Each structure stands twice: as structure tokens, then as C-alpha cells.
>>> print(open('coords-v6.txt').read())   # compact mmCIF, N, CA and C atoms and all ligand atoms
# COMPACT_ATOMS: atom_id res chain seq x y z
N MET A 1462 29.98 -42.02 -125.50
CA MET A 1462 29.97 -43.47 -125.72
C MET A 1462 28.56 -44.04 -125.65
N SER A 1463 27.58 -43.17 -125.72
CA SER A 1463 26.19 -43.63 -125.71
C SER A 1463 25.91 -44.50 -124.48
N GLN A 1464 26.24 -43.96 -123.33
CA GLN A 1464 26.09 -44.74 -122.09
C GLN A 1464 24.82 -44.36 -121.36
N PHE A 1465 23.91 -45.28 -121.35
CA PHE A 1465 22.65 -45.08 -120.63
C PHE A 1465 22.50 -46.27 -119.69
N TRP A 1466 22.53 -45.98 -118.40
CA TRP A 1466 22.60 -47.08 -117.42
C TRP A 1466 21.21 -47.50 -116.96
N TYR A 1467 21.07 -48.80 -116.73
CA TYR A 1467 19.81 -49.32 -116.18
C TYR A 1467 19.64 -48.85 -114.75
N SER A 1468 18.41 -48.76 -114.33
CA SER A 1468 18.13 -48.57 -112.91
C SER A 1468 18.51 -49.85 -112.17
N GLU A 1469 18.63 -49.76 -110.86
CA GLU A 1469 18.92 -50.95 -110.04
C GLU A 1469 17.91 -52.05 -110.31
N ASP A 1470 16.65 -51.68 -110.35
CA ASP A 1470 15.59 -52.68 -110.52
C ASP A 1470 15.71 -53.38 -111.88
N THR A 1471 15.97 -52.58 -112.91
CA THR A 1471 16.07 -53.18 -114.25
C THR A 1471 17.28 -54.09 -114.34
N ALA A 1472 18.41 -53.62 -113.80
CA ALA A 1472 19.62 -54.46 -113.83
C ALA A 1472 19.37 -55.77 -113.08
N ALA A 1473 18.69 -55.66 -111.94
CA ALA A 1473 18.42 -56.87 -111.15
C ALA A 1473 17.49 -57.82 -111.90
N ARG A 1474 16.48 -57.27 -112.53
CA ARG A 1474 15.53 -58.10 -113.26
C ARG A 1474 16.21 -58.83 -114.42
N LEU A 1475 17.07 -58.09 -115.14
CA LEU A 1475 17.78 -58.70 -116.27
C LEU A 1475 18.78 -59.75 -115.78
N ALA A 1476 19.45 -59.44 -114.67
CA ALA A 1476 20.42 -60.41 -114.13
C ALA A 1476 19.69 -61.70 -113.71
N GLU A 1477 18.55 -61.55 -113.07
CA GLU A 1477 17.80 -62.75 -112.66
C GLU A 1477 17.37 -63.56 -113.87
N GLU A 1478 16.97 -62.86 -114.91
CA GLU A 1478 16.52 -63.56 -116.12
C GLU A 1478 17.67 -64.34 -116.76
N VAL A 1479 18.82 -63.71 -116.90
CA VAL A 1479 19.93 -64.43 -117.55
C VAL A 1479 20.43 -65.58 -116.68
N LEU A 1480 20.38 -65.39 -115.36
CA LEU A 1480 20.78 -66.49 -114.46
C LEU A 1480 19.85 -67.68 -114.64
N GLN A 1481 18.57 -67.40 -114.69
CA GLN A 1481 17.60 -68.49 -114.86
C GLN A 1481 17.82 -69.20 -116.20
N GLN A 1482 18.05 -68.40 -117.24
CA GLN A 1482 18.20 -68.98 -118.57
C GLN A 1482 19.53 -69.73 -118.72
N ALA A 1483 20.55 -69.30 -117.97
CA ALA A 1483 21.87 -69.92 -118.10
C ALA A 1483 21.92 -71.30 -117.46
N GLY A 1484 21.08 -71.53 -116.46
CA GLY A 1484 21.15 -72.80 -115.74
C GLY A 1484 22.25 -72.76 -114.69
N GLY A 1485 22.31 -73.81 -113.87
CA GLY A 1485 23.18 -73.80 -112.68
C GLY A 1485 24.67 -73.70 -112.95
N HIS A 1486 25.12 -74.20 -114.09
CA HIS A 1486 26.56 -74.16 -114.38
C HIS A 1486 26.85 -73.37 -115.65
N GLY A 1487 25.94 -72.47 -115.98
CA GLY A 1487 26.01 -71.81 -117.27
C GLY A 1487 27.03 -70.71 -117.37
N ARG A 1488 27.23 -70.27 -118.61
CA ARG A 1488 28.12 -69.15 -118.89
C ARG A 1488 27.30 -68.04 -119.54
N ILE A 1489 27.53 -66.82 -119.05
CA ILE A 1489 26.79 -65.66 -119.52
C ILE A 1489 27.76 -64.66 -120.12
N ALA A 1490 27.44 -64.15 -121.31
CA ALA A 1490 28.22 -63.06 -121.90
C ALA A 1490 27.36 -61.80 -121.89
N CYS A 1491 27.90 -60.74 -121.30
CA CYS A 1491 27.22 -59.45 -121.28
C CYS A 1491 27.94 -58.54 -122.27
N ILE A 1492 27.27 -58.20 -123.37
CA ILE A 1492 27.88 -57.34 -124.38
C ILE A 1492 27.34 -55.92 -124.21
N SER A 1493 28.23 -54.99 -123.93
CA SER A 1493 27.84 -53.59 -123.74
C SER A 1493 26.72 -53.45 -122.73
N ALA A 1494 26.77 -54.24 -121.71
CA ALA A 1494 25.74 -54.19 -120.65
C ALA A 1494 26.42 -54.33 -119.28
N PRO A 1495 27.28 -53.36 -118.93
CA PRO A 1495 28.02 -53.50 -117.68
C PRO A 1495 27.16 -53.54 -116.43
N SER A 1496 26.01 -52.88 -116.45
CA SER A 1496 25.18 -52.91 -115.23
C SER A 1496 24.67 -54.31 -114.91
N VAL A 1497 24.42 -55.07 -115.96
CA VAL A 1497 23.94 -56.44 -115.73
C VAL A 1497 25.09 -57.29 -115.19
N TYR A 1498 26.25 -57.11 -115.78
CA TYR A 1498 27.43 -57.84 -115.28
C TYR A 1498 27.68 -57.49 -113.81
N GLN A 1499 27.61 -56.19 -113.50
CA GLN A 1499 27.86 -55.77 -112.12
C GLN A 1499 26.83 -56.38 -111.17
N LYS A 1500 25.60 -56.43 -111.61
CA LYS A 1500 24.54 -57.00 -110.77
C LYS A 1500 24.80 -58.50 -110.57
N LEU A 1501 25.25 -59.18 -111.63
CA LEU A 1501 25.58 -60.61 -111.49
C LEU A 1501 26.67 -60.80 -110.43
N LYS A 1502 27.65 -59.92 -110.45
CA LYS A 1502 28.73 -60.00 -109.45
C LYS A 1502 28.18 -59.76 -108.04
N GLN A 1503 27.29 -58.78 -107.92
CA GLN A 1503 26.71 -58.49 -106.60
C GLN A 1503 25.94 -59.68 -106.06
N LEU A 1504 25.25 -60.37 -106.97
CA LEU A 1504 24.39 -61.49 -106.54
C LEU A 1504 25.20 -62.76 -106.26
N GLU A 1505 26.47 -62.75 -106.68
CA GLU A 1505 27.29 -63.97 -106.62
C GLU A 1505 27.30 -64.60 -105.23
N SER A 1506 27.47 -63.73 -104.22
CA SER A 1506 27.61 -64.27 -102.86
C SER A 1506 26.31 -64.88 -102.34
N THR A 1507 25.21 -64.55 -102.99
CA THR A 1507 23.91 -65.06 -102.51
C THR A 1507 23.52 -66.33 -103.26
N ARG A 1508 24.38 -66.77 -104.20
CA ARG A 1508 23.99 -67.91 -105.03
C ARG A 1508 24.85 -69.13 -104.71
N SER A 1509 24.27 -70.30 -104.94
CA SER A 1509 25.03 -71.53 -104.71
C SER A 1509 25.43 -72.18 -106.03
N ASP A 1510 25.09 -71.55 -107.14
CA ASP A 1510 25.40 -72.15 -108.44
C ASP A 1510 26.84 -71.81 -108.84
N SER A 1511 27.24 -72.29 -110.00
CA SER A 1511 28.59 -71.98 -110.48
C SER A 1511 28.51 -71.30 -111.84
N VAL A 1512 27.58 -70.40 -111.96
CA VAL A 1512 27.44 -69.63 -113.19
C VAL A 1512 28.63 -68.68 -113.32
N SER A 1513 29.13 -68.52 -114.54
CA SER A 1513 30.20 -67.55 -114.74
C SER A 1513 29.76 -66.52 -115.78
N ALA A 1514 30.40 -65.36 -115.72
CA ALA A 1514 30.00 -64.28 -116.62
C ALA A 1514 31.24 -63.53 -117.11
N VAL A 1515 31.15 -63.05 -118.35
CA VAL A 1515 32.18 -62.14 -118.84
C VAL A 1515 31.50 -60.87 -119.37
N LEU A 1516 32.25 -59.79 -119.34
CA LEU A 1516 31.75 -58.50 -119.83
C LEU A 1516 32.55 -58.10 -121.06
N LEU A 1517 31.88 -57.98 -122.19
CA LEU A 1517 32.52 -57.46 -123.40
C LEU A 1517 32.10 -56.00 -123.51
N GLU A 1518 33.09 -55.11 -123.42
CA GLU A 1518 32.74 -53.69 -123.26
C GLU A 1518 33.86 -52.80 -123.81
N PHE A 1519 33.46 -51.64 -124.33
CA PHE A 1519 34.38 -50.68 -124.94
C PHE A 1519 35.03 -49.78 -123.90
N ASP A 1520 34.31 -49.48 -122.84
CA ASP A 1520 34.78 -48.54 -121.82
C ASP A 1520 35.79 -49.24 -120.91
N LYS A 1521 37.03 -48.80 -121.02
CA LYS A 1521 38.11 -49.50 -120.32
C LYS A 1521 38.08 -49.29 -118.81
N ARG A 1522 37.21 -48.43 -118.33
CA ARG A 1522 37.09 -48.33 -116.86
C ARG A 1522 36.69 -49.68 -116.26
N PHE A 1523 35.99 -50.48 -117.07
CA PHE A 1523 35.51 -51.76 -116.54
C PHE A 1523 36.59 -52.84 -116.52
N LYS A 1524 37.79 -52.44 -116.95
CA LYS A 1524 38.95 -53.34 -116.81
C LYS A 1524 39.15 -53.73 -115.35
N ALA A 1525 38.60 -52.91 -114.48
CA ALA A 1525 38.70 -53.19 -113.05
C ALA A 1525 38.17 -54.58 -112.71
N TYR A 1526 37.39 -55.17 -113.58
CA TYR A 1526 36.87 -56.51 -113.32
C TYR A 1526 37.84 -57.62 -113.72
N GLY A 1527 39.03 -57.22 -114.14
CA GLY A 1527 40.08 -58.22 -114.35
C GLY A 1527 39.82 -59.11 -115.55
N ASP A 1528 40.09 -60.40 -115.35
CA ASP A 1528 40.04 -61.35 -116.47
C ASP A 1528 38.65 -61.47 -117.08
N GLU A 1529 37.64 -61.07 -116.34
CA GLU A 1529 36.28 -61.19 -116.88
C GLU A 1529 35.90 -60.02 -117.79
N PHE A 1530 36.80 -59.03 -117.87
CA PHE A 1530 36.59 -57.92 -118.80
C PHE A 1530 37.27 -58.26 -120.12
N VAL A 1531 36.53 -58.09 -121.21
CA VAL A 1531 37.08 -58.30 -122.55
C VAL A 1531 36.84 -57.01 -123.33
N PHE A 1532 37.93 -56.40 -123.80
CA PHE A 1532 37.73 -55.19 -124.59
C PHE A 1532 36.98 -55.55 -125.86
N TYR A 1533 35.93 -54.76 -126.14
CA TYR A 1533 35.08 -55.07 -127.30
C TYR A 1533 34.67 -53.79 -128.00
N ASP A 1534 34.93 -53.76 -129.30
CA ASP A 1534 34.47 -52.64 -130.13
C ASP A 1534 33.59 -53.25 -131.22
N TYR A 1535 32.34 -52.85 -131.25
CA TYR A 1535 31.41 -53.48 -132.20
C TYR A 1535 31.86 -53.30 -133.66
N ASN A 1536 32.74 -52.31 -133.89
CA ASN A 1536 33.24 -52.11 -135.26
C ASN A 1536 34.10 -53.28 -135.74
N ASN A 1537 34.59 -54.04 -134.79
CA ASN A 1537 35.38 -55.25 -135.11
C ASN A 1537 34.71 -56.42 -134.39
N PRO A 1538 33.54 -56.82 -134.88
CA PRO A 1538 32.68 -57.70 -134.07
C PRO A 1538 33.24 -59.08 -133.81
N LEU A 1539 34.17 -59.54 -134.64
CA LEU A 1539 34.73 -60.87 -134.41
C LEU A 1539 36.20 -60.81 -133.99
N CYS A 1540 36.60 -59.63 -133.58
CA CYS A 1540 37.95 -59.47 -133.05
C CYS A 1540 37.88 -59.77 -131.55
N LEU A 1541 37.97 -61.04 -131.23
CA LEU A 1541 37.75 -61.48 -129.85
C LEU A 1541 38.93 -62.35 -129.42
N PRO A 1542 39.16 -62.42 -128.12
CA PRO A 1542 40.27 -63.28 -127.66
C PRO A 1542 40.03 -64.75 -128.04
N GLU A 1543 41.12 -65.45 -128.23
CA GLU A 1543 41.01 -66.85 -128.67
C GLU A 1543 40.24 -67.72 -127.69
N ASP A 1544 40.29 -67.35 -126.42
CA ASP A 1544 39.61 -68.21 -125.44
C ASP A 1544 38.10 -68.00 -125.40
N LEU A 1545 37.60 -67.05 -126.16
CA LEU A 1545 36.14 -66.94 -126.29
C LEU A 1545 35.73 -67.79 -127.49
N LEU A 1546 35.44 -69.03 -127.21
CA LEU A 1546 35.18 -69.99 -128.30
C LEU A 1546 33.78 -69.80 -128.87
N PRO A 1547 33.60 -70.19 -130.12
CA PRO A 1547 32.27 -70.06 -130.71
C PRO A 1547 31.24 -70.92 -129.98
N GLN A 1548 30.04 -70.39 -129.89
CA GLN A 1548 28.91 -71.09 -129.25
C GLN A 1548 29.29 -71.62 -127.86
N SER A 1549 29.94 -70.81 -127.08
CA SER A 1549 30.39 -71.26 -125.77
C SER A 1549 29.64 -70.60 -124.61
N PHE A 1550 28.63 -69.79 -124.91
CA PHE A 1550 27.86 -69.15 -123.84
C PHE A 1550 26.40 -69.60 -123.89
N ASP A 1551 25.88 -69.91 -122.71
CA ASP A 1551 24.49 -70.39 -122.64
C ASP A 1551 23.50 -69.29 -122.97
N ILE A 1552 23.87 -68.08 -122.61
CA ILE A 1552 23.03 -66.92 -123.00
C ILE A 1552 23.93 -65.71 -123.19
N VAL A 1553 23.57 -64.91 -124.16
CA VAL A 1553 24.27 -63.64 -124.42
C VAL A 1553 23.24 -62.53 -124.28
N ILE A 1554 23.56 -61.57 -123.41
CA ILE A 1554 22.72 -60.37 -123.29
C ILE A 1554 23.49 -59.22 -123.91
N ALA A 1555 22.81 -58.41 -124.71
CA ALA A 1555 23.48 -57.29 -125.38
C ALA A 1555 22.60 -56.05 -125.35
N ASP A 1556 23.25 -54.92 -125.12
CA ASP A 1556 22.56 -53.63 -125.21
C ASP A 1556 23.46 -52.71 -126.04
N PRO A 1557 23.37 -52.83 -127.37
CA PRO A 1557 24.30 -52.09 -128.24
C PRO A 1557 24.22 -50.57 -128.05
N PRO A 1558 25.35 -49.90 -128.30
CA PRO A 1558 25.37 -48.46 -128.04
C PRO A 1558 24.48 -47.64 -128.98
N TYR A 1559 24.28 -48.15 -130.18
CA TYR A 1559 23.48 -47.38 -131.15
C TYR A 1559 22.41 -48.27 -131.77
N LEU A 1560 21.33 -47.64 -132.19
CA LEU A 1560 20.25 -48.39 -132.82
C LEU A 1560 20.37 -48.41 -134.34
N SER A 1561 21.48 -47.95 -134.85
CA SER A 1561 21.66 -47.95 -136.31
C SER A 1561 21.73 -49.39 -136.81
N GLU A 1562 21.34 -49.56 -138.08
CA GLU A 1562 21.41 -50.90 -138.67
C GLU A 1562 22.84 -51.42 -138.66
N GLU A 1563 23.76 -50.49 -138.92
CA GLU A 1563 25.17 -50.89 -138.95
C GLU A 1563 25.62 -51.47 -137.60
N CYS A 1564 25.29 -50.75 -136.54
CA CYS A 1564 25.71 -51.21 -135.21
C CYS A 1564 25.01 -52.53 -134.85
N LEU A 1565 23.70 -52.57 -135.06
CA LEU A 1565 22.96 -53.79 -134.69
C LEU A 1565 23.43 -54.99 -135.49
N SER A 1566 23.72 -54.79 -136.77
CA SER A 1566 24.18 -55.91 -137.61
C SER A 1566 25.53 -56.44 -137.12
N LYS A 1567 26.39 -55.51 -136.75
CA LYS A 1567 27.72 -55.94 -136.30
C LYS A 1567 27.65 -56.65 -134.95
N VAL A 1568 26.87 -56.07 -134.04
CA VAL A 1568 26.73 -56.73 -132.73
C VAL A 1568 26.09 -58.11 -132.91
N ALA A 1569 25.17 -58.21 -133.86
CA ALA A 1569 24.52 -59.51 -134.11
C ALA A 1569 25.55 -60.58 -134.50
N LEU A 1570 26.58 -60.17 -135.22
CA LEU A 1570 27.63 -61.14 -135.59
C LEU A 1570 28.32 -61.69 -134.34
N THR A 1571 28.59 -60.80 -133.40
CA THR A 1571 29.23 -61.22 -132.15
C THR A 1571 28.31 -62.13 -131.35
N VAL A 1572 27.06 -61.71 -131.25
CA VAL A 1572 26.09 -62.49 -130.47
C VAL A 1572 25.96 -63.90 -131.06
N LYS A 1573 25.80 -63.98 -132.37
CA LYS A 1573 25.63 -65.29 -133.02
C LYS A 1573 26.87 -66.16 -132.85
N TYR A 1574 28.02 -65.51 -132.86
CA TYR A 1574 29.27 -66.26 -132.71
C TYR A 1574 29.35 -66.87 -131.30
N LEU A 1575 28.92 -66.12 -130.30
CA LEU A 1575 29.15 -66.56 -128.91
C LEU A 1575 28.06 -67.46 -128.35
N THR A 1576 26.82 -67.27 -128.80
CA THR A 1576 25.72 -67.95 -128.10
C THR A 1576 25.50 -69.38 -128.58
N LYS A 1577 25.06 -70.20 -127.60
CA LYS A 1577 24.59 -71.54 -127.96
C LYS A 1577 23.18 -71.47 -128.52
N GLY A 1578 22.53 -70.34 -128.33
CA GLY A 1578 21.18 -70.20 -128.86
C GLY A 1578 20.37 -69.09 -128.19
N LYS A 1579 20.57 -68.91 -126.89
CA LYS A 1579 19.74 -67.92 -126.19
C LYS A 1579 20.35 -66.53 -126.29
N ILE A 1580 19.47 -65.56 -126.55
CA ILE A 1580 19.87 -64.16 -126.73
C ILE A 1580 18.87 -63.27 -126.00
N LEU A 1581 19.38 -62.30 -125.27
CA LEU A 1581 18.49 -61.28 -124.70
C LEU A 1581 19.01 -59.93 -125.22
N LEU A 1582 18.27 -59.37 -126.16
CA LEU A 1582 18.69 -58.11 -126.78
C LEU A 1582 17.87 -56.97 -126.18
N CYS A 1583 18.59 -55.99 -125.63
CA CYS A 1583 17.91 -54.85 -125.01
C CYS A 1583 18.13 -53.60 -125.87
N THR A 1584 17.11 -52.85 -126.04
CA THR A 1584 17.25 -51.56 -126.71
C THR A 1584 16.40 -50.55 -125.95
N GLY A 1585 16.58 -49.30 -126.27
CA GLY A 1585 15.75 -48.30 -125.61
C GLY A 1585 15.73 -47.06 -126.45
N LYS A 1586 14.83 -46.16 -126.12
CA LYS A 1586 14.84 -44.87 -126.80
C LYS A 1586 14.27 -43.82 -125.86
N TRP A 1587 14.67 -42.59 -126.12
CA TRP A 1587 14.19 -41.50 -125.29
C TRP A 1587 12.70 -41.33 -125.50
N LYS A 1588 11.99 -41.03 -124.40
CA LYS A 1588 10.55 -40.75 -124.54
C LYS A 1588 10.35 -39.33 -125.01
C1 LIG B 1 23.13 -47.98 -124.34
S1 LIG B 1 24.53 -48.33 -123.27
C2 LIG B 1 24.04 -49.86 -122.58
C3 LIG B 1 24.36 -49.92 -121.10
C4 LIG B 1 23.34 -50.73 -120.33
N1 LIG B 1 22.05 -50.09 -120.40
C5 LIG B 1 23.78 -50.89 -118.88
O1 LIG B 1 23.20 -50.22 -118.00
O2 LIG B 1 24.68 -51.69 -118.63
C6 LIG B 1 25.72 -48.77 -124.49
C7 LIG B 1 26.97 -49.47 -124.00
O3 LIG B 1 27.82 -49.63 -125.15
C8 LIG B 1 29.14 -49.29 -124.79
N2 LIG B 1 29.85 -48.86 -126.01
C9 LIG B 1 30.12 -47.60 -126.44
N3 LIG B 1 30.81 -47.63 -127.60
C10 LIG B 1 30.97 -48.94 -127.92
C11 LIG B 1 31.64 -49.62 -128.98
N4 LIG B 1 32.27 -48.97 -129.96
N5 LIG B 1 31.60 -50.98 -128.99
C12 LIG B 1 30.97 -51.66 -128.00
N6 LIG B 1 30.34 -51.09 -126.96
C13 LIG B 1 30.35 -49.74 -126.91
C14 LIG B 1 28.99 -48.20 -123.75
O4 LIG B 1 30.16 -48.07 -122.98
C15 LIG B 1 27.78 -48.71 -122.97
O5 LIG B 1 28.17 -49.60 -121.96
>>> encode(input="coords-v6.txt", output="C-alpha cells", more="lines below")
Ligand SMILES: C[S@@+](CC[C@H](N)C(=O)[O-])C[C@H]1O[C@@H](n2cnc3c(N)ncnc32)[C@H](O)[C@@H]1O
Amino acid sequence: MSQFWYSEDTAARLAEEVLQQAGGHGRIACISAPSVYQKLKQLESTRSDSVSAVLLEFDKRFKAYGDEFVFYDYNNPLCLPEDLLPQSFDIVIADPPYLSEECLSKVALTVKYLTKGKILLCTGKWK
């Protein structure tokens, strides 16, 4: 499933960035970035804001997060639950599984659908 996990430091840095960008009452969508979502959950108890986050992810192990887990397959980029309204997230962070044009184009459709404007797109490659 092309799963490459962030280090603790990277996940924390990305979580802090999306929290800052979302604002005190913001909504964050994490697309194929479960480590960032998990870090946001870890930080929840240390925060006084009312930021909320959802995880859109293919790996059903993350269903353990309950209602905040949304099954997502980039092959069907706009096949989303009705309650995920267009332009309803203050920031969308995405780390697509593949760097192919096909995958990035499809994920871009999801990102554009969900975001009010802010996007944090992460990619990586083997050294
Ligand atoms: C490169 S990893 C990014 C993970 C990120 N670095 C992290 O630590 O959270 C790609 C992610 O895409 C997910 N994925 C795999 N196949 C997918 C698909 N068909 N649609 C959407 N996401 C998929 C993987 O489960 C994984 O979480």
C-alpha cells in the first residue's frame, strides 16, 4: 500500500503547521497521512482550541478512529460521504501513495473539493 511513515518529529512538525493554519476552530482533513492525524489526536489533550480533524485513508486498520475515519481510495476521488461538504476544511494535508501523474491528479480532485484554500502536499522519494 506504499506506506512510508513519518518520524515522530516530522509528524509533530506537520501537525503543528496544520493546527496553526487551521485556526482555533478550524477543520483539518488528513488525506493518506495517518501519522499526522494520530499526532493531532495525541496533541488534543494539550490544546485549548476546538480544532477537529478527519482521516481519509485506504488502510482500514485506521477504522479504529471511529467516526473520524473515512474510507478513501484515490481511484474514486470524489466518492466521499455526503457529510464531507465541498470547501468545508480550513486546511487539507495530503501525502498520496504514489507519485504518478494519475495518482496526483486524482488526489488533487479530492483536495480541491474539500479545501477552503489551504493545502499542504507532502511527497518523498528514496535517497
Ligand atoms: C506514502 S504513505 C503516506 C503516509 C504518511 N507519510 C504518514 O506517515 O502518515 C501513503 C498513504 O496512502 C495510503 N494509501 C494506499 N493506497 C491508497 C489508495 N488507493 N487510496 C488512498 N490512500 C492510499 C497508505 O495507506 C498510506 O497511508
>>> residues_near_ligand(input="coords-v6.txt", ligand="ligand LIG 1 (chain B)", cutoff="6.5 Å", atoms="all atoms listed in the file", output="list in words")
Met1462, Ser1463, Gln1464, Phe1465, Trp1466, Tyr1467, Ser1468, Ile1492, Ser1493, Ala1494, Pro1495, Ser1496, Val1497, Tyr1498, Leu1517, Glu1518, Phe1519, Asp1520, Tyr1533, Asp1534, Tyr1535, Asn1536, Asp1556, Pro1557, Pro1558 and Tyr1559 of chain A
>>> closest_residue(input="coords-v6.txt", among="A:Ser1509, A:Thr1576, A:Gln1503, A:Thr1471", to="Arg1488 of chain A", atoms="only C-alpha atoms")
A:Thr1576
>>> atom_distance(input="coords-v6.txt", atom1="atom CA of Tyr1574 of chain A", atom2="atom CA of Ser1561 of chain A")
20.2 Å
>>> atom_distance(input="coords-v6.txt", atom1="atom C of Cys1540 of chain A", atom2="atom CA of His1486 of chain A")
25.1 Å
>>> closest_residue(input="coords-v6.txt", among="A:Glu1477, A:Leu1581, A:Gln1499, A:Val1515", to="Phe1532 of chain A", atoms="only C-alpha atoms")
A:Val1515
>>> select_by_dssp(input="coords-v6.txt", residues="chain A", states="strand (DSSP E)", output="list in words")
Arg1488, Ile1489, Ala1490, Cys1491, Ile1492, Ser1513, Ala1514, Val1515, Leu1516, Leu1517, Glu1518, Phe1530, Val1531, Phe1532, Phe1550, Asp1551, Ile1552, Val1553, Ile1554, Ala1555, Thr1576, Lys1577, Gly1578, Lys1579, Ile1580, Leu1581 and Leu1582 of chain A
>>> atom_distance(input="coords-v6.txt", atom1="atom C of Gln1548 of chain A", atom2="atom C of Gly1487 of chain A")
10.8 Å
>>> residues_near_point(input="coords-v6.txt", point="(23.1, -76.0, -111.1)", cutoff="12 Å", atoms="only C-alpha atoms", output="list in words")
Leu1480, Gln1481, Gln1482, Ala1483, Gly1484, Gly1485, His1486, Gly1487, Arg1488, Arg1508, Ser1509, Asp1510, Ser1511, Val1512 and Ser1513 of chain A
>>> closest_residue(input="coords-v6.txt", among="A:Leu1516, A:Ala1555, A:Leu1570, A:Glu1543", to="Val1531 of chain A", atoms="only N, CA and C atoms")
A:Leu1516
>>> closest_residue(input="coords-v6.txt", among="A:Lys1567, A:Leu1541, A:Ala1514, A:Ala1490", to="Lys1502 of chain A", atoms="all atoms listed in the file")
A:Ala1514
>>> closest_residue(input="coords-v6.txt", among="A:Ala1476, A:Asn1537, A:Glu1505, A:Tyr1526", to="Val1568 of chain A", atoms="only N, CA and C atoms")
A:Asn1537
>>> select_by_dssp(input="coords-v6.txt", residues="segment 1523-1584 of chain A", states="helix (DSSP H, G or I)", output="list in words")
Phe1523, Lys1524, Ala1525, Tyr1526, Gly1527, Asp1528, Glu1529, Glu1562, Glu1563, Cys1564, Leu1565, Ser1566, Lys1567, Val1568, Ala1569, Leu1570, Thr1571, Val1572, Lys1573, Tyr1574 and Leu1575 of chain A
>>> write_last_selection(input="coords-v6.txt", atoms="N, CA and C atoms", output="PDB file, in the coordinates of the input")
ATOM      1  N   PHE A1523      35.990 -50.480-117.070  1.00  0.00           N
ATOM      2  CA  PHE A1523      35.510 -51.760-116.540  1.00  0.00           C
ATOM      3  C   PHE A1523      36.590 -52.840-116.520  1.00  0.00           C
ATOM      4  N   LYS A1524      37.790 -52.440-116.950  1.00  0.00           N
ATOM      5  CA  LYS A1524      38.950 -53.340-116.810  1.00  0.00           C
ATOM      6  C   LYS A1524      39.150 -53.730-115.350  1.00  0.00           C
ATOM      7  N   ALA A1525      38.600 -52.910-114.480  1.00  0.00           N
ATOM      8  CA  ALA A1525      38.700 -53.190-113.050  1.00  0.00           C
ATOM      9  C   ALA A1525      38.170 -54.580-112.710  1.00  0.00           C
ATOM     10  N   TYR A1526      37.390 -55.170-113.580  1.00  0.00           N
ATOM     11  CA  TYR A1526      36.870 -56.510-113.320  1.00  0.00           C
ATOM     12  C   TYR A1526      37.840 -57.620-113.720  1.00  0.00           C
ATOM     13  N   GLY A1527      39.030 -57.220-114.140  1.00  0.00           N
ATOM     14  CA  GLY A1527      40.080 -58.220-114.350  1.00  0.00           C
ATOM     15  C   GLY A1527      39.820 -59.110-115.550  1.00  0.00           C
ATOM     16  N   ASP A1528      40.090 -60.400-115.350  1.00  0.00           N
ATOM     17  CA  ASP A1528      40.040 -61.350-116.470  1.00  0.00           C
ATOM     18  C   ASP A1528      38.650 -61.470-117.080  1.00  0.00           C
ATOM     19  N   GLU A1529      37.640 -61.070-116.340  1.00  0.00           N
ATOM     20  CA  GLU A1529      36.280 -61.190-116.880  1.00  0.00           C
ATOM     21  C   GLU A1529      35.900 -60.020-117.790  1.00  0.00           C
ATOM     22  N   GLU A1562      21.340 -49.560-138.080  1.00  0.00           N
ATOM     23  CA  GLU A1562      21.410 -50.900-138.670  1.00  0.00           C
ATOM     24  C   GLU A1562      22.840 -51.420-138.660  1.00  0.00           C
ATOM     25  N   GLU A1563      23.760 -50.490-138.920  1.00  0.00           N
ATOM     26  CA  GLU A1563      25.170 -50.890-138.950  1.00  0.00           C
ATOM     27  C   GLU A1563      25.620 -51.470-137.600  1.00  0.00           C
ATOM     28  N   CYS A1564      25.290 -50.750-136.540  1.00  0.00           N
ATOM     29  CA  CYS A1564      25.710 -51.210-135.210  1.00  0.00           C
ATOM     30  C   CYS A1564      25.010 -52.530-134.850  1.00  0.00           C
ATOM     31  N   LEU A1565      23.700 -52.570-135.060  1.00  0.00           N
ATOM     32  CA  LEU A1565      22.960 -53.790-134.690  1.00  0.00           C
ATOM     33  C   LEU A1565      23.430 -54.990-135.490  1.00  0.00           C
ATOM     34  N   SER A1566      23.720 -54.790-136.770  1.00  0.00           N
ATOM     35  CA  SER A1566      24.180 -55.910-137.610  1.00  0.00           C
ATOM     36  C   SER A1566      25.530 -56.440-137.120  1.00  0.00           C
ATOM     37  N   LYS A1567      26.390 -55.510-136.750  1.00  0.00           N
ATOM     38  CA  LYS A1567      27.720 -55.940-136.300  1.00  0.00           C
ATOM     39  C   LYS A1567      27.650 -56.650-134.950  1.00  0.00           C
ATOM     40  N   VAL A1568      26.870 -56.070-134.040  1.00  0.00           N
ATOM     41  CA  VAL A1568      26.730 -56.730-132.730  1.00  0.00           C
ATOM     42  C   VAL A1568      26.090 -58.110-132.910  1.00  0.00           C
ATOM     43  N   ALA A1569      25.170 -58.210-133.860  1.00  0.00           N
ATOM     44  CA  ALA A1569      24.520 -59.510-134.110  1.00  0.00           C
ATOM     45  C   ALA A1569      25.550 -60.580-134.500  1.00  0.00           C
ATOM     46  N   LEU A1570      26.580 -60.170-135.220  1.00  0.00           N
ATOM     47  CA  LEU A1570      27.630 -61.140-135.590  1.00  0.00           C
ATOM     48  C   LEU A1570      28.320 -61.690-134.340  1.00  0.00           C
ATOM     49  N   THR A1571      28.590 -60.800-133.400  1.00  0.00           N
ATOM     50  CA  THR A1571      29.230 -61.220-132.150  1.00  0.00           C
ATOM     51  C   THR A1571      28.310 -62.130-131.350  1.00  0.00           C
ATOM     52  N   VAL A1572      27.060 -61.710-131.250  1.00  0.00           N
ATOM     53  CA  VAL A1572      26.090 -62.490-130.470  1.00  0.00           C
ATOM     54  C   VAL A1572      25.960 -63.900-131.060  1.00  0.00           C
ATOM     55  N   LYS A1573      25.800 -63.980-132.370  1.00  0.00           N
ATOM     56  CA  LYS A1573      25.630 -65.290-133.020  1.00  0.00           C
ATOM     57  C   LYS A1573      26.870 -66.160-132.850  1.00  0.00           C
ATOM     58  N   TYR A1574      28.020 -65.510-132.860  1.00  0.00           N
ATOM     59  CA  TYR A1574      29.270 -66.260-132.710  1.00  0.00           C
ATOM     60  C   TYR A1574      29.350 -66.870-131.300  1.00  0.00           C
ATOM     61  N   LEU A1575      28.920 -66.120-130.300  1.00  0.00           N
ATOM     62  CA  LEU A1575      29.150 -66.560-128.910  1.00  0.00           C
ATOM     63  C   LEU A1575      28.060 -67.460-128.350  1.00  0.00           C
TER      64      LEU A1575
END
